[in-house]
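Peer 1: Okay, handing you the structure first.
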Amino acid sequence: MKKLTLLMLFLVAGFSAMAQIEIGLMVSPTIAGNRFIAEDRYNFEKESSNLRLGVGVVADYFFAQNYAFSTGLIYRGKGAEITFTDTDTNGNPFTEKDDLTIQYIELPISLKLFTNEIAPGTIAYFQVGGSLNTKVAAQVDGKKVINGEKIIKRFNIFEADVLLGGGVEFQLGQSTKLFGGLTYHRGLTDIDNFYEDRLGDKNISLKNNGVSIDFGVKF
């Protein structure tokens with residue numbers, strides 16, 4: 001047992017010595033929208049996509065020359081303007097509109113695949129993975145409180161995304177790189193039980209979608 005423990009420590013130390021970690025800052029404005037799983041009679045529609053802010057720290061942990069485990073902490077806004085059909089007390093249908101804004105702290109967990117140089121000092125990368133997100137703030141129609149109830153309580157605490165993206169990196173110096181790219185964020189989990197309760201249908205699901213424009217610097 002003692003020999004096995006020493007061997008594992010030796011391997012971990014050797015791996016850490018060979019690995020390279022690049023840490024950077026990223027700005028990531030996001031074209032945010034929503035998608036729905038609901039019966040047609042509710043007429044859920046995305047009225048518009050909204051531009052939301054994303055900003056945070058990223059870290060690429062290289063375990064081989066062209067492969068890296070990528071993570072970080074990102075503050076990102078999501079949500080868009082949606083419409084749906086409800087009925088009044090007399091059973092008459094009417095259209096309701098909500099402008100949703102939800103802020104999350106994201107923990108991306110992904111794999112980055114890097115090419116060799118495609119131009120002097122320039123490489124391309126492709127990213128695939130997921131993101132575990134925690135809600136930190138929310139508004140509906142620009143309001144944090146409606147009818148005495150805090151809006152943040154309306155949305156589920158946790159969310160999960162699939163990430164798929166790509167971009168390029170430019171070498172500026174020995175240890176400084178600029179990067180830019182696009183990432184598609186597809187929400188996997190229901191973010192809001194409000195519409196299920198309001199419309200009395202447990203089969204309604206509301207999820208986030210978005211495309212971010214990522215750019216930043218790594219050291």
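Ligands are numbered from 1 in the order shown, chains are lettered A, B, ... in the order of the structure tokens, and residues start at 1 in each chain.
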Excluding Phe219 (chain A) and its own-chain neighbours fewer than 6 positions away, which residues fall within 9 Å of it when counting only C-alpha atoms? Please give them as a ChimeraX atom specification.
Peer 2: /A:21-25,175-177
Peer 1: Using only C-alpha atoms, please write the residues we just selected to a file, as a PDB file, in the first residue's frame.
Peer 2:
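Writing the result to selection07.pdb gives the following:
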ATOM      1  CA  ILE A  21      -1.861  25.955 -17.237  1.00  0.00           C
ATOM      2  CA  GLU A  22      -2.959  29.123 -19.054  1.00  0.00           C
ATOM      3  CA  ILE A  23      -5.247  31.500 -17.141  1.00  0.00           C
ATOM      4  CA  GLY A  24      -7.011  34.427 -18.706  1.00  0.00           C
ATOM      5  CA  LEU A  25      -9.798  36.998 -18.654  1.00  0.00           C
ATOM      6  CA  SER A 175       3.327  33.801 -22.526  1.00  0.00           C
ATOM      7  CA  THR A 176       0.562  36.159 -23.712  1.00  0.00           C
ATOM      8  CA  LYS A 177      -2.202  35.183 -26.123  1.00  0.00           C
TER       9      LYS A 177
END
Peer 1: For Ala59 (chain A), work out the shell of residues within 12 Å, counting only C-alpha atoms and skipping chain neighbours fewer than 4 positions away, then give it as a PDB file with C-alpha atoms, in the first residue's frame.
Peer 2:
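Full text of part-v5.pdb as output:
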ATOM      1  CA  GLN A  20       0.830  23.692 -18.621  1.00  0.00           C
ATOM      2  CA  ILE A  21      -1.861  25.955 -17.237  1.00  0.00           C
ATOM      3  CA  GLU A  22      -2.959  29.123 -19.054  1.00  0.00           C
ATOM      4  CA  ILE A  23      -5.247  31.500 -17.141  1.00  0.00           C
ATOM      5  CA  GLY A  24      -7.011  34.427 -18.706  1.00  0.00           C
ATOM      6  CA  LEU A  25      -9.798  36.998 -18.654  1.00  0.00           C
ATOM      7  CA  MET A  26     -12.749  36.806 -21.031  1.00  0.00           C
ATOM      8  CA  ALA A  68      -6.558  20.982 -22.845  1.00  0.00           C
ATOM      9  CA  PHE A  69      -9.154  20.630 -20.123  1.00  0.00           C
ATOM     10  CA  SER A  70     -10.898  24.013 -20.006  1.00  0.00           C
ATOM     11  CA  THR A  71     -12.820  25.507 -17.090  1.00  0.00           C
ATOM     12  CA  GLY A  72     -13.325  28.835 -15.302  1.00  0.00           C
ATOM     13  CA  LEU A  73     -15.943  31.002 -13.610  1.00  0.00           C
ATOM     14  CA  ILE A  74     -18.216  33.095 -15.825  1.00  0.00           C
ATOM     15  CA  LEU A 107     -18.645  26.567 -14.221  1.00  0.00           C
ATOM     16  CA  PRO A 108     -17.687  25.315 -17.702  1.00  0.00           C
ATOM     17  CA  ILE A 109     -16.240  21.810 -17.979  1.00  0.00           C
ATOM     18  CA  SER A 110     -14.980  21.169 -21.488  1.00  0.00           C
ATOM     19  CA  LEU A 111     -12.295  19.804 -23.760  1.00  0.00           C
ATOM     20  CA  LYS A 112     -10.372  22.072 -26.119  1.00  0.00           C
ATOM     21  CA  GLY A 216     -10.024  37.822 -24.149  1.00  0.00           C
ATOM     22  CA  VAL A 217      -6.419  37.408 -23.141  1.00  0.00           C
ATOM     23  CA  LYS A 218      -4.524  34.492 -21.563  1.00  0.00           C
ATOM     24  CA  PHE A 219      -1.227  34.523 -19.676  1.00  0.00           C
TER      25      PHE A 219
END
Peer 1: With only C-alpha atoms as the counted atoms, please give the residues lying no more than 7 Å from region 162-172 of chain A, apart from itself and same-chain residues fewer than 2 positions off, as a list in words.
Peer 2: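 Listed by chain and then number, they are Gly121, Thr122, Ile123, Ala124, Tyr125, Phe126, Gln127, Val128, Gly129, Gly130, Ser131, Thr176, Lys177, Leu178, Phe179, Gly180, Gly181, Leu182, Thr183, Tyr184, His185, Arg186 and Gly187 of chain A.
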Peer 1: Store the residues of this selection in a file with C-alpha atoms, as a CSV table (one decimal), in the first residue's frame.
Peer 2:
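What landed in part_35.csv:
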chain,number,residue,atom,x,y,z
A,121,GLY,CA,1.6,32.8,-34.3
A,122,THR,CA,-2.0,31.7,-35.0
A,123,ILE,CA,-3.8,28.5,-34.0
A,124,ALA,CA,-7.4,27.4,-34.2
A,125,TYR,CA,-9.3,25.6,-31.4
A,126,PHE,CA,-12.5,23.6,-31.0
A,127,GLN,CA,-14.4,23.3,-27.8
A,128,VAL,CA,-16.9,20.7,-26.6
A,129,GLY,CA,-18.4,20.1,-23.2
A,130,GLY,CA,-20.9,21.4,-20.7
A,131,SER,CA,-21.5,24.0,-18.0
A,176,THR,CA,0.6,36.2,-23.7
A,177,LYS,CA,-2.2,35.2,-26.1
A,178,LEU,CA,-5.3,36.9,-27.5
A,179,PHE,CA,-8.3,34.7,-28.4
A,180,GLY,CA,-11.6,35.1,-30.0
A,181,GLY,CA,-14.4,32.8,-31.0
A,182,LEU,CA,-18.1,31.7,-31.0
A,183,THR,CA,-19.8,29.3,-28.6
A,184,TYR,CA,-23.2,27.8,-28.8
A,185,HIS,CA,-24.9,27.3,-25.4
A,186,ARG,CA,-27.9,24.9,-25.3
A,187,GLY,CA,-29.7,24.6,-22.1
Peer 1: Give the answer as one residue: which of A:Gly33, A:Pro120, A:Gly200, A:Gly56 has the shortest atom-to-atom distance to Thr101 (chain A), using only C-alpha atoms?
Peer 2: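 Result for the nearest residue to Thr101 (chain A): A:Gly33.
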Peer 1: Could you tell me how far CA of Lys150 (chain A) sits from CA of Val136 (chain A), in Å to one decimal place?
Peer 2: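 These two atoms are separated by 12.7 Å.
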Peer 1: Using DSSP on the backbone coordinates, identify all residues within chain A classified as strand (DSSP E or B); present the result as a PyMOL selection string.
Peer 2: chain A and resi 20-27+30-37+45-48+50-52+54-64+67-78+81-87+93-114+119+122-140+143+145-146+149-150+155+158-171+177-187+192+205-218
Peer 1: Of the candidates A:Leu53, A:Ala119, A:Ile152, A:Ala32, which shows the shortest atom-to-atom distance to Ala137 (chain A), using only C-alpha atoms?
Peer 2: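 Smallest distance to Ala137 (chain A) is found for A:Ile152.
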